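Raw final-v6.txt, compact mmCIF, C-alpha atoms:
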```txt
# COMPACT_ATOMS: atom_id res chain seq x y z
CA MET I 289 -27.49 4.82 4.54
CA SER I 290 -28.68 3.25 7.82
CA LEU I 291 -25.85 3.24 10.37
CA PRO I 292 -22.33 4.68 10.22
CA LYS I 293 -20.03 1.88 9.17
CA VAL I 294 -16.69 0.86 7.76
CA ARG I 295 -16.75 -1.53 4.82
CA ILE I 296 -13.75 -3.65 3.90
CA GLY I 297 -13.38 -4.98 0.37
CA TYR I 298 -10.50 -6.90 -1.16
CA SER I 299 -9.14 -5.85 -4.54
CA ASN I 300 -7.81 -8.65 -6.69
CA LYS I 301 -5.77 -9.25 -9.84
CA ASN I 302 -2.91 -7.15 -8.49
CA LEU I 303 -0.21 -9.82 -8.22
CA LEU I 304 -0.46 -12.07 -11.24
CA ALA I 305 2.07 -10.04 -13.20
CA ALA I 306 4.72 -10.83 -10.59
CA VAL I 307 4.05 -14.21 -9.06
CA ALA I 308 5.72 -14.84 -6.19
CA ALA I 309 -4.36 -12.96 10.02
CA ILE I 310 -4.71 -11.71 12.17
CA ASP I 311 -2.24 -14.22 13.50
CA GLY I 312 -3.31 -17.28 15.31
CA ILE I 313 -6.80 -17.70 16.73
CA ALA I 314 -8.53 -20.67 15.12
CA GLY I 315 -11.79 -22.57 15.29
CA LEU I 316 -12.68 -26.19 14.59
CA VAL I 317 -16.14 -27.52 13.74
CA GLY I 318 -16.64 -31.24 13.30
CA THR I 319 -18.65 -34.34 13.98
CA VAL I 320 -19.36 -35.48 17.53
CA ALA I 321 -21.40 -38.33 18.95
CA THR I 322 -22.23 -36.87 22.36
CA ALA I 323 -25.58 -35.10 22.23
CA GLY I 324 -24.51 -32.57 24.86
CA LEU I 325 -21.64 -31.36 22.68
CA ILE I 326 -23.71 -30.71 19.53
CA GLY I 327 -24.06 -27.02 18.76
CA VAL I 328 -22.28 -25.90 21.93
CA PRO I 329 -19.33 -23.53 21.28
CA LYS I 330 -16.43 -23.94 23.67
CA GLN I 331 -13.18 -22.05 24.19
CA VAL I 332 -10.22 -24.25 25.11
CA PHE I 333 -6.52 -23.67 25.66
CA SER I 334 -5.02 -27.17 25.67
CA LEU I 335 -5.83 -30.78 24.89
CA ALA I 336 -6.38 -31.47 28.59
CA ASP I 337 -8.77 -28.53 28.76
CA ALA I 338 -10.74 -29.89 25.79
CA GLU I 339 -10.83 -33.36 27.35
CA SER I 340 -12.20 -31.91 30.57
CA LYS I 341 -15.04 -30.44 28.53
CA GLY I 342 -16.04 -33.77 27.01
CA PHE I 343 -13.79 -34.14 23.96
CA THR I 344 -12.04 -37.28 25.16
CA GLN I 345 -10.53 -39.96 22.96
CA ALA I 346 -12.98 -42.51 24.30
CA ALA I 347 -16.11 -40.42 23.76
CA GLU I 348 -15.08 -38.42 20.68
CA PRO I 349 -12.23 -40.16 18.85
CA THR I 350 -12.59 -38.15 15.63
CA PHE I 351 -12.67 -34.72 17.22
CA HIS I 352 -10.00 -35.72 19.74
CA ARG I 353 -7.69 -36.73 16.87
CA HIS I 354 -7.86 -33.23 15.37
CA LEU I 355 -7.42 -31.58 18.76
CA LYS I 356 -4.41 -33.73 19.62
CA GLU I 357 -2.76 -33.07 16.28
CA PHE I 358 -3.43 -29.34 16.66
CA TYR I 359 -1.89 -29.10 20.13
CA ASP I 360 0.99 -31.47 19.31
CA GLU I 361 1.90 -29.14 16.46
CA ILE I 362 1.49 -26.00 18.56
CA GLY I 363 3.70 -27.49 21.27
CA GLY I 364 2.01 -25.62 24.12
CA GLU I 365 -1.17 -23.84 25.15
CA GLN I 366 -3.16 -21.91 22.57
CA GLU I 367 -6.63 -20.42 22.47
CA LEU I 368 -8.92 -22.48 20.24
CA TRP I 369 -12.67 -22.33 19.65
CA ILE I 370 -14.40 -25.64 19.04
CA MET I 371 -17.91 -26.92 18.40
CA GLY I 372 -19.41 -30.30 17.63
CA VAL I 373 -22.11 -30.97 15.08
CA ALA I 374 -24.28 -34.01 14.40
CA GLU I 375 -22.98 -36.74 12.09
CA THR I 376 -25.79 -35.93 9.67
CA MET I 377 -24.57 -32.37 9.13
CA THR I 378 -22.42 -31.98 6.02
CA MET I 379 -19.44 -29.64 5.79
CA THR I 380 -21.48 -27.66 3.28
CA GLN I 381 -24.17 -27.13 5.89
CA VAL I 382 -21.54 -26.21 8.47
CA LEU I 383 -20.36 -23.43 6.16
CA THR I 384 -23.80 -22.15 5.21
CA SER I 385 -24.43 -18.79 6.88
CA THR I 386 -28.15 -19.46 7.32
CA GLU I 387 -27.47 -22.73 9.15
CA LEU I 388 -27.67 -21.35 12.66
CA GLU I 389 -26.26 -24.53 14.23
CA GLY I 390 -23.24 -24.47 11.90
CA ALA I 391 -19.98 -22.53 11.95
CA ILE I 392 -21.75 -19.18 12.16
CA LYS I 393 -22.67 -20.06 15.74
CA LEU I 394 -19.03 -20.64 16.69
CA VAL I 395 -17.82 -17.46 14.97
CA LYS I 396 -20.41 -15.39 16.83
CA ALA I 397 -19.57 -17.05 20.14
CA ALA I 398 -15.91 -16.16 19.62
CA ASN I 399 -16.94 -12.53 19.11
CA GLY I 400 -15.02 -12.21 15.86
CA ALA I 401 -11.71 -13.53 17.17
CA ILE I 402 -11.41 -16.50 14.79
CA ARG I 403 -9.09 -15.92 11.82
CA MET I 404 -8.82 -19.54 10.64
CA LEU I 405 -11.67 -22.03 10.65
CA GLY I 406 -11.36 -25.75 10.02
CA THR I 407 -14.15 -28.21 9.37
CA PHE I 408 -14.10 -32.01 9.21
CA ARG I 409 -16.62 -34.82 9.24
CA LYS I 410 -17.21 -38.42 10.26
CA PRO I 411 -20.40 -39.31 8.35
CA GLN I 412 -23.05 -41.67 9.61
CA ALA I 413 -23.07 -45.33 8.54
CA GLY I 414 -24.46 -45.81 5.06
CA TYR I 415 -23.47 -42.30 3.91
CA ASP I 416 -23.01 -42.09 0.13
CA ALA I 417 -19.92 -40.01 -0.65
CA GLY I 418 -20.25 -40.50 -4.41
CA ALA I 419 -18.10 -42.35 -6.95
CA ASP I 420 -15.43 -39.68 -7.53
CA PHE I 421 -12.04 -39.37 -5.86
CA LEU I 422 -13.34 -36.81 -3.37
CA ASP I 423 -16.48 -36.86 -1.29
CA ALA I 424 -19.01 -34.74 -3.23
CA ASP I 425 -19.50 -32.69 -0.06
CA VAL I 426 -16.02 -31.16 -0.44
CA GLU I 427 -16.73 -29.24 -3.66
CA ASP I 428 -20.07 -28.03 -2.32
CA ALA I 429 -18.38 -26.91 0.91
CA ILE I 430 -15.88 -24.79 -1.04
CA LEU I 431 -18.72 -22.98 -2.76
CA ALA I 432 -20.53 -22.44 0.54
CA ALA I 433 -17.32 -21.20 2.15
CA LYS I 434 -17.04 -18.31 -0.31
CA ALA I 435 -20.39 -16.84 0.65
CA PHE I 436 -19.71 -17.61 4.30
CA CYS I 437 -16.38 -15.74 4.33
CA GLU I 438 -17.69 -12.84 2.27
CA GLY I 439 -20.49 -12.49 4.80
CA ARG I 440 -18.04 -12.41 7.67
CA LEU I 441 -15.84 -9.88 5.89
CA ALA I 442 -18.86 -7.59 5.58
CA GLU I 443 -19.11 -7.86 9.39
CA LEU I 444 -15.39 -6.98 9.73
CA ILE I 445 -14.53 -10.58 10.69
CA PRO I 446 -12.08 -11.69 7.98
CA LEU I 447 -11.16 -15.37 8.09
CA ARG I 448 -9.90 -18.28 5.99
CA VAL I 449 -11.43 -21.77 5.93
CA LEU I 450 -9.72 -25.14 5.62
CA ILE I 451 -11.97 -28.01 4.55
CA GLU I 452 -11.30 -31.71 5.03
CA GLY I 453 -10.60 -33.27 1.64
CA ARG I 454 -12.31 -36.57 2.34
CA VAL I 455 -11.36 -39.29 -0.14
CA ALA I 456 -14.36 -41.27 -1.38
CA ASP I 457 -12.73 -43.54 -3.99
CA GLU I 458 -8.96 -43.37 -4.19
CA ASP I 459 -8.96 -45.34 -7.46
CA SER I 460 -11.24 -42.92 -9.27
CA ILE I 461 -9.66 -40.80 -11.99
CA THR I 462 -12.34 -38.13 -11.59
CA VAL I 463 -10.63 -35.66 -9.29
CA PHE I 464 -12.05 -32.26 -8.45
CA LYS I 465 -9.40 -29.52 -8.74
CA PRO I 466 -9.77 -26.96 -5.94
CA SER I 467 -7.79 -24.39 -7.96
CA THR I 468 -10.74 -24.10 -10.36
CA ALA I 469 -13.17 -23.01 -7.65
CA SER I 470 -12.31 -19.27 -7.63
CA ASN I 471 -12.41 -19.08 -3.84
CA GLY I 472 -9.26 -17.79 -2.19
CA PHE I 473 -11.02 -17.83 1.17
CA ALA I 474 -10.95 -21.65 1.30
CA GLY I 475 -8.40 -24.42 1.05
CA VAL I 476 -8.76 -28.20 0.96
CA VAL I 477 -6.53 -30.34 3.16
CA LEU I 478 -5.80 -33.67 1.47
CA GLY I 479 -4.28 -36.51 3.45
CA GLY I 480 -3.46 -37.09 7.07
CA THR I 481 -2.20 -39.40 9.76
CA LEU I 482 -4.80 -42.13 9.23
CA ALA I 483 -5.05 -44.42 6.19
CA ASP I 484 -8.83 -44.10 6.02
CA GLY I 485 -9.46 -41.27 3.55
CA SER I 486 -9.74 -38.59 6.20
CA ALA I 487 -7.54 -35.48 6.37
CA SER I 488 -5.62 -33.85 9.22
CA VAL I 489 -7.27 -30.44 9.32
CA GLY I 490 -6.36 -29.87 12.97
CA LEU I 491 -2.70 -30.55 12.25
CA VAL I 492 -2.53 -28.08 9.36
CA ILE I 493 -4.27 -25.34 11.32
CA GLY I 494 -1.92 -26.04 14.22
CA ARG I 495 1.08 -25.47 11.93
CA ALA I 496 -0.48 -22.22 10.68
CA CYS I 497 -1.23 -20.92 14.18
CA LYS I 498 2.25 -21.80 15.39
CA TYR I 499 3.77 -19.07 13.24
CA ALA I 500 2.95 -15.54 12.11
CA ALA I 501 0.52 -14.86 9.27
CA HIS I 502 3.18 -14.43 6.58
CA ILE I 503 4.97 -17.73 7.31
CA LYS I 504 4.14 -20.47 4.83
CA LEU I 505 2.97 -23.84 6.08
CA GLY I 506 5.74 -25.65 4.25
CA LYS I 507 8.70 -23.52 5.35
CA VAL I 508 11.46 -26.11 5.58
CA LYS I 509 13.55 -24.13 8.07
CA ASN I 510 10.74 -24.55 10.60
CA GLY I 511 11.32 -28.29 10.58
CA PRO I 512 9.04 -31.24 9.89
CA LEU I 513 5.57 -31.76 11.23
CA THR I 514 5.00 -33.61 14.48
CA ILE I 515 3.78 -36.75 12.71
CA ALA I 516 5.59 -39.91 11.67
CA GLU I 517 3.69 -40.63 8.45
CA ALA I 518 1.01 -39.19 6.20
CA PHE I 519 -1.48 -40.96 3.94
CA ILE I 520 -3.78 -40.00 1.09
CA GLY I 521 -6.51 -42.59 1.11
CA THR I 522 -4.73 -45.79 2.11
CA LYS I 523 -1.39 -44.93 0.50
CA LYS I 524 1.65 -43.32 2.11
CA VAL I 525 2.51 -40.01 0.49
CA SER I 526 6.06 -41.25 0.01
CA GLU I 527 4.73 -44.08 -2.19
CA LEU I 528 2.06 -42.20 -4.14
CA ASP I 529 2.95 -41.74 -7.82
CA SER I 530 0.30 -39.04 -8.30
CA LEU I 531 1.41 -36.89 -5.37
CA ALA I 532 2.82 -34.01 -7.44
CA THR I 533 -0.28 -34.01 -9.62
CA LEU I 534 -2.59 -33.78 -6.61
CA HIS I 535 -0.57 -30.91 -5.16
CA GLY I 536 -0.81 -29.20 -8.53
CA TYR I 537 -4.59 -29.50 -8.51
CA GLY I 538 -4.65 -27.01 -5.64
CA PHE I 539 -4.74 -29.15 -2.51
CA ILE I 540 -2.91 -28.43 0.72
CA SER I 541 -1.17 -31.73 1.26
CA PHE I 542 1.90 -33.50 2.55
CA MET I 543 5.26 -34.56 1.16
CA LYS I 544 8.78 -35.68 1.99
CA HIS I 545 11.82 -33.70 0.89
CA PRO I 546 14.88 -35.53 -0.48
CA ASN I 547 17.56 -36.03 2.15
CA LYS I 548 15.31 -34.62 4.88
CA ALA I 549 13.71 -36.65 7.63
CA GLY I 550 10.05 -36.20 8.44
CA ILE I 551 6.84 -35.06 6.80
CA TYR I 552 6.29 -31.54 5.49
CA ILE I 553 3.39 -29.59 4.00
CA GLY I 554 3.75 -28.57 0.37
CA ILE I 555 2.63 -25.22 -1.06
CA ASP I 556 -0.25 -23.73 0.95
CA ARG I 557 -2.57 -23.59 -2.06
CA MET I 558 -6.07 -22.24 -1.71
CA ALA I 559 -9.02 -22.90 -4.00
CA SER I 560 -8.21 -20.19 -6.55
CA THR I 561 -5.62 -18.96 -9.02
CA ASP I 562 -5.81 -15.26 -8.16
CA ASP I 563 -3.92 -13.05 -5.67
CA PHE I 564 -5.15 -15.16 -2.76
CA ARG I 565 -4.12 -18.51 -4.22
CA ILE I 566 -1.85 -19.15 -1.22
CA LEU I 567 -2.89 -19.08 2.42
CA ALA I 568 -0.06 -16.76 3.48
CA HIS I 569 -1.35 -13.97 1.22
CA GLY I 570 -4.86 -14.36 2.59
CA ARG I 571 -3.76 -14.34 6.21
CA VAL I 572 -1.64 -11.22 5.67
CA ILE I 573 -4.45 -9.28 3.99
CA ASP I 574 -6.87 -10.40 6.73
CA LYS I 575 -4.57 -9.00 9.38
CA ALA I 576 -4.31 -5.73 7.49
CA ALA I 577 -8.11 -5.66 7.22
CA VAL I 578 -8.51 -5.94 10.97
CA LEU I 579 -6.06 -3.09 11.49
CA ALA I 580 -7.72 -0.91 8.84
CA ALA I 581 -11.13 -1.47 10.36
CA ALA I 582 -9.85 -0.58 13.83
CA ILE I 583 -8.31 2.66 12.56
CA TYR I 584 -11.21 3.86 10.46
CA ILE I 585 -13.96 2.97 12.90
CA GLU I 586 -12.48 5.72 15.07
CA GLU I 587 -12.98 8.15 12.19
CA LEU I 588 -16.70 7.46 11.68
CA GLU I 589 -18.88 10.60 11.88
CA SER I 590 -15.79 12.80 12.28
CA GLU I 591 -15.73 16.24 10.68
CA VAL I 592 -13.27 17.19 7.92
CA ASP I 593 -12.65 20.45 6.09
CA VAL I 594 -13.70 20.64 2.45
CA ASN I 595 -13.15 23.08 -0.38
CA ALA I 596 -15.77 24.91 -2.44
CA ASP I 597 -16.40 21.76 -4.48
CA GLY I 598 -17.15 19.66 -1.39
CA GLN I 599 -13.84 17.85 -1.66
CA ILE I 600 -11.81 16.88 1.38
CA ASN I 601 -8.70 19.01 1.93
CA GLU I 602 -5.13 17.79 1.75
CA LEU I 603 -4.36 18.05 5.48
CA ASP I 604 -7.25 15.77 6.39
CA ILE I 605 -6.27 13.35 3.63
CA GLU I 606 -2.74 13.13 5.00
CA HIS I 607 -4.11 12.50 8.49
CA LEU I 608 -6.34 9.69 7.26
CA LYS I 609 -3.50 8.15 5.26
CA GLY I 610 -0.88 8.52 7.98
CA GLY I 611 -2.83 6.69 10.68
CA ILE I 612 -3.32 3.47 8.74
CA MET I 613 0.19 3.51 7.27
CA GLN I 614 1.78 3.92 10.70
CA THR I 615 -0.37 1.19 12.25
CA ILE I 616 0.23 -1.40 9.52
CA ASN I 617 3.95 -0.65 9.35
CA GLN I 618 4.21 -1.03 13.11
CA GLU I 619 1.95 -4.04 13.65
CA MET I 620 3.05 -5.95 10.55
CA ASP I 621 6.75 -5.17 10.61
CA GLY I 622 8.54 -8.13 9.04
CA GLN I 623 5.30 -9.64 7.72
CA ILE I 624 5.11 -7.55 4.56
CA SER I 625 7.82 -6.31 2.22
CA LYS I 626 9.84 -3.22 3.15
CA ASN I 627 7.87 -0.01 2.49
CA GLY I 628 5.06 -2.32 1.42
CA VAL I 629 2.04 -0.15 2.35
CA THR I 630 0.37 2.23 -0.09
CA VAL I 631 -2.68 4.30 0.85
CA LEU I 632 -4.65 6.15 -1.81
CA ILE I 633 -7.41 8.68 -1.12
CA ASP I 634 -8.77 10.46 -4.15
CA PRO I 635 -9.03 14.17 -3.25
CA LYS I 636 -11.82 14.67 -5.83
CA GLN I 637 -14.39 12.80 -3.75
CA ASN I 638 -17.36 15.03 -2.94
CA ILE I 639 -17.79 14.10 0.68
CA ILE I 640 -20.49 16.69 1.37
CA SER I 641 -22.83 15.20 -1.23
CA THR I 642 -22.17 11.55 -0.47
CA GLY I 643 -21.04 11.41 3.16
CA LYS I 644 -18.78 8.59 1.97
CA LEU I 645 -15.00 8.39 1.90
CA LYS I 646 -13.23 5.80 -0.27
CA VAL I 647 -9.78 4.65 0.80
CA LYS I 648 -7.55 2.17 -1.04
CA VAL I 649 -4.92 0.36 1.00
CA LYS I 650 -2.49 -1.89 -0.85
CA ILE I 651 -0.13 -4.32 0.86
CA ARG I 652 2.98 -5.72 -0.81
CA PRO I 653 3.45 -9.22 0.63
CA LYS I 654 6.60 -11.21 0.99
CA GLY I 655 7.77 -13.28 -1.96
CA TYR I 656 8.34 -17.00 -1.42
CA THR I 657 10.94 -19.39 -2.80
CA SER I 658 8.57 -22.23 -3.64
CA GLU I 659 10.84 -23.37 -6.45
CA ILE I 660 14.60 -22.95 -6.73
CA ASP I 661 16.41 -23.77 -9.97
CA VAL I 662 20.11 -24.49 -9.58
CA GLU I 663 22.29 -24.89 -12.64
CA LEU I 664 25.42 -27.00 -12.15
CA GLY I 665 28.25 -27.67 -14.53
CA LEU I 666 31.87 -28.60 -14.69
CA ASP I 667 34.44 -25.87 -15.02
CA ALA I 668 37.58 -27.22 -16.66
CA PRO I 669 40.75 -25.20 -16.11
CA SER I 670 42.15 -23.60 -19.22
CA ALA I 671 45.18 -25.31 -20.78
CA GLU I 672 48.56 -23.63 -20.30
```

Please lay out the structure from this file as structure tokens.
Amino acid sequence: MSLPKVRIGYSNKNLLAAVAAIDGIAGLVGTVATAGLIGVPKQVFSLADAESKGFTQAAEPTFHRHLKEFYDEIGGEQELWIMGVAETMTMTQVLTSTELEGAIKLVKAANGAIRMLGTFRKPQAGYDAGADFLDADVEDAILAAKAFCEGRLAELIPLRVLIEGRVADEDSITVFKPSTASNGFAGVVLGGTLADGSASVGLVIGRACKYAAHIKLGKVKNGPLTIAEAFIGTKKVSELDSLATLHGYGFISFMKHPNKAGIYIGIDRMASTDDFRILAHGRVIDKAAVLAAAIYIEELESEVDVNADGQINELDIEHLKGGIMQTINQEMDGQISKNGVTVLIDPKQNIISTGKLKVKVKIRPKGYTSEIDVELGLDAPSAE
């Protein structure tokens, strides 16, 4: 043991039998052309604020596009952390913890406030994206994102990452499936407002930040997105025969609902098939993690009574359980299911010998009506 600390770990495989953030502060890391903006974290609160700091449409059309779509979706002012990187830096490098000019620099500058991080890229001329449907950088970035997010969680900075699903060859039948990547920390945004193979990461993060952690990106009652059309590659989503298949592969992408005007996001799928296979579940558990860390940091190096076997007594256990239960129930009211917090502290832990206390906190999330089956039939009146 070196320093007193609280460690947060996420248990998994708790939800598959019954299938069904902190809220709001985001960061964006992407390509810029202006040398003075490379590797310089900035905090902004509006599109005009970002423009005043050099992210204009004229100077930085790619970054400006994501900023505009973010703030159009938010519909007002919102804290956002942004940083430009060179066109030669891949998204994989951005999400590599040892790359000191990558996303780690922005996360540290934000002092742990970022709960959602988006990354996008405008590669240099002559860049070889590969011959598959997706830019090869996307799959590598998902793998890098897992280690990146696990590293931040160890520092009590839980976050989720959305990666631009850049289309390299829209005619290729070799399509990477994000759901096979076993990384619930990351999601891949596929498609966007431009018919050029890019993806609207800023827009999707804007929709997420507009609502609380437990609200799904595609909630129809929240209305359509603030865009007129969406494309995957060069094709409109409304005209793409493979749209359902691509959604099923685990992308976060766009769609139109029958008899509804506008563009919507489909299921907020992340790059996994486990408990954190949807963004809403990840954001909810991240918010709970922040609250748990805040509660238990206050308990570090505190004294507790123990019995003859070195085990913590029941009164102290109830105190340690009650604090976190009260905080989560109060701060996440309406974001988790009713009576959805369970705290377990094994009284048999020998705290004198180990100096370590293990606490299990389980959160029961909301369920979501992603599919609704309606059975209709004719009901003929009985003959008289």

Quiz prompt | Nearest to Ala442 of chain I, chosen from I:Gly363, I:Asp423, I:Arg353, I:Ala577, with only C-alpha atoms counted in the distances | solution =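 Smallest distance to Ala442 of chain I is found for I:Ala577.
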
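Neighbours of Ser560 of chain I closer than or equal to 12 Å, with only C-alpha atoms counted and sequence neighbours fewer than 6 positions away skipped, come out as I:Asn300, I:Lys301, I:Ile430, I:Leu431, I:Lys434, I:Lys465, I:Pro466, I:Ser467, I:Thr468, I:Ala469, I:Ser470, I:Asn471, I:Gly472, I:Phe473, I:Ala474, I:Gly475, I:Val476, I:Gly536, I:Tyr537, I:Gly538, I:Phe539, I:Ile566, I:Leu567, I:Gly570.
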
Exercise. Using atom CA of Gly364 of chain I and atom CA of Ile493 of chain I as the two end points, give the distance in Å to one decimal.
Key: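 Pair atom CA of Gly364 of chain I / atom CA of Ile493 of chain I returns 14.3 Å.
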
Quiz item: Of the residues I:Asp604, I:Asp574, I:Asp661, I:Glu587, which is the one nearest to Pro446 of chain I, using all atoms listed in the file?
Solution: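 Going through I:Asp604, I:Asp574, I:Asp661, I:Glu587 one by one, the smallest distance to Pro446 of chain I is for I:Asp574.
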
Quiz prompt | Given only C-alpha atoms as the counted atoms, nearest of I:Asp562, I:Tyr584, I:Ile392, I:Gln637 to Gln599 of chain I | solution =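 Of I:Asp562, I:Tyr584, I:Ile392, I:Gln637, the one nearest Gln599 of chain I, counting only C-alpha atoms, is I:Gln637.
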
Self-check item: For segment 452-454 of chain I: contacts at 10 Å, only C-alpha atoms, fewer than 6 positions along chain excluded, given as a PyMOL selection string
Solution: chain I and resi 318+379+406-410+417+421-427+429+466+475-480+484-490+520-521+539-541

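From atom CA of Ala401 of chain I back to atom CA of Gln614 of chain I, the distance works out to 23.0 Å.
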
Practice problem: Could you give me, as a list in words, the residues within 12 Å of Val592 of chain I, counting only C-alpha atoms and dropping anything in the same chain fewer than 5 positions from it? | Solution: Glu587, Gly598, Gln599, Ile600, Asn601, Glu602, Leu603, Asp604, Ile605, Glu606, His607, Leu608, Asn638, Ile639, Ile640, Gly643, Lys644 and Leu645 of chain I

Exercise. Figure out the distance between atom CA of Ser641 of chain I and atom CA of Ser590 of chain I, please, to one decimal in Å.
Key: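 Computing the Euclidean distance for atom CA of Ser590 of chain I and atom CA of Ser641 of chain I yields 15.4 Å.
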
Quiz prompt | Test item: residues at most 12 Å from Ile553 of chain I, only C-alpha atoms, excluding those fewer than 6 positions along its chain, as number ranges by chain | solution = I: 477-480, 488-489, 491-493, 495-496, 504-508, 510-515, 517-518, 525, 535, 539-545, 658

Once you have the residues from the selection above, write them out as a compact mmCIF listing (two decimals), in the coordinates of the input, restricted to C-alpha atoms.
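Contents of part-v3.txt, freshly written:
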```
# COMPACT_ATOMS: atom_id res chain seq x y z
CA VAL I 477 -6.53 -30.34 3.16
CA LEU I 478 -5.80 -33.67 1.47
CA GLY I 479 -4.28 -36.51 3.45
CA GLY I 480 -3.46 -37.09 7.07
CA SER I 488 -5.62 -33.85 9.22
CA VAL I 489 -7.27 -30.44 9.32
CA LEU I 491 -2.70 -30.55 12.25
CA VAL I 492 -2.53 -28.08 9.36
CA ILE I 493 -4.27 -25.34 11.32
CA ARG I 495 1.08 -25.47 11.93
CA ALA I 496 -0.48 -22.22 10.68
CA LYS I 504 4.14 -20.47 4.83
CA LEU I 505 2.97 -23.84 6.08
CA GLY I 506 5.74 -25.65 4.25
CA LYS I 507 8.70 -23.52 5.35
CA VAL I 508 11.46 -26.11 5.58
CA ASN I 510 10.74 -24.55 10.60
CA GLY I 511 11.32 -28.29 10.58
CA PRO I 512 9.04 -31.24 9.89
CA LEU I 513 5.57 -31.76 11.23
CA THR I 514 5.00 -33.61 14.48
CA ILE I 515 3.78 -36.75 12.71
CA GLU I 517 3.69 -40.63 8.45
CA ALA I 518 1.01 -39.19 6.20
CA VAL I 525 2.51 -40.01 0.49
CA HIS I 535 -0.57 -30.91 -5.16
CA PHE I 539 -4.74 -29.15 -2.51
CA ILE I 540 -2.91 -28.43 0.72
CA SER I 541 -1.17 -31.73 1.26
CA PHE I 542 1.90 -33.50 2.55
CA MET I 543 5.26 -34.56 1.16
CA LYS I 544 8.78 -35.68 1.99
CA HIS I 545 11.82 -33.70 0.89
CA SER I 658 8.57 -22.23 -3.64
```

Exercise. Compare I:Gly611, I:Pro329, I:Gly418, I:Gly665 by their minimum atom-to-atom distance to Ile370 of chain I, counting all atoms listed in the file, and give me the closest one.
Key: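 Of all the options, I:Pro329 lies closest to Ile370 of chain I.
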
Self-check item: Residues near Leu383 of chain I, cut-off 8 Å, only C-alpha atoms, skip fewer than 2 positions along chain, as a count of residues only
Solution: 12

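The closest residue to Ser625 of chain I, picked from I:Met404, I:Ile651, I:Leu588, I:Leu325 and counting all atoms listed in the file, is I:Ile651.
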
Practice problem: Neighbourhood query: residues within 8 Å of (-1.7, -10.0, 5.4), file coordinates, counting only C-alpha atoms; return as a list in words. | Solution: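 Residues with an atom close enough to that point: Ala309, Ile310, Ala501, His502, Ala568, His569, Gly570, Arg571, Val572, Ile573, Asp574, Lys575, Ala576, Ala577, Gln623, Ile624, Ile651 and Pro653 of chain I.
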
Since the input lacks atoms, please generate N, CA, C and O atoms for segment 547-556 of chain I and provide them as a short mmCIF file (atom, residue, chain, number, x, y, z; two decimals), keeping the file's coordinate frame.
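Final file, part-v9.cif:
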```cif
data_model
loop_
_atom_site.label_atom_id
_atom_site.label_comp_id
_atom_site.auth_asym_id
_atom_site.auth_seq_id
_atom_site.Cartn_x
_atom_site.Cartn_y
_atom_site.Cartn_z
N ASN I 547 16.48 -36.20 1.17
CA ASN I 547 17.56 -36.03 2.15
C ASN I 547 17.13 -35.29 3.42
O ASN I 547 17.97 -34.77 4.15
N LYS I 548 15.82 -35.23 3.65
CA LYS I 548 15.31 -34.62 4.88
C LYS I 548 14.40 -35.62 5.57
O LYS I 548 13.55 -36.25 4.94
N ALA I 549 14.58 -35.77 6.86
CA ALA I 549 13.71 -36.65 7.63
C ALA I 549 12.39 -35.95 7.94
O ALA I 549 12.33 -34.73 8.09
N GLY I 550 11.34 -36.74 8.01
CA GLY I 550 10.05 -36.20 8.44
C GLY I 550 9.12 -35.82 7.31
O GLY I 550 9.46 -35.87 6.14
N ILE I 551 7.90 -35.43 7.72
CA ILE I 551 6.84 -35.06 6.80
C ILE I 551 6.66 -33.55 6.82
O ILE I 551 6.66 -32.92 7.88
N TYR I 552 6.48 -32.98 5.64
CA TYR I 552 6.29 -31.54 5.49
C TYR I 552 4.98 -31.28 4.73
O TYR I 552 4.46 -32.15 4.04
N ILE I 553 4.50 -30.05 4.83
CA ILE I 553 3.39 -29.59 4.00
C ILE I 553 3.98 -28.97 2.74
O ILE I 553 5.03 -28.33 2.79
N GLY I 554 3.30 -29.17 1.62
CA GLY I 554 3.75 -28.57 0.37
C GLY I 554 3.33 -27.11 0.31
O GLY I 554 3.24 -26.42 1.32
N ILE I 555 3.06 -26.61 -0.89
CA ILE I 555 2.63 -25.22 -1.06
C ILE I 555 1.22 -25.05 -0.47
O ILE I 555 0.35 -25.90 -0.65
N ASP I 556 1.03 -23.96 0.25
CA ASP I 556 -0.25 -23.73 0.95
C ASP I 556 -1.30 -23.19 -0.01
O ASP I 556 -1.82 -22.08 0.13
#
```
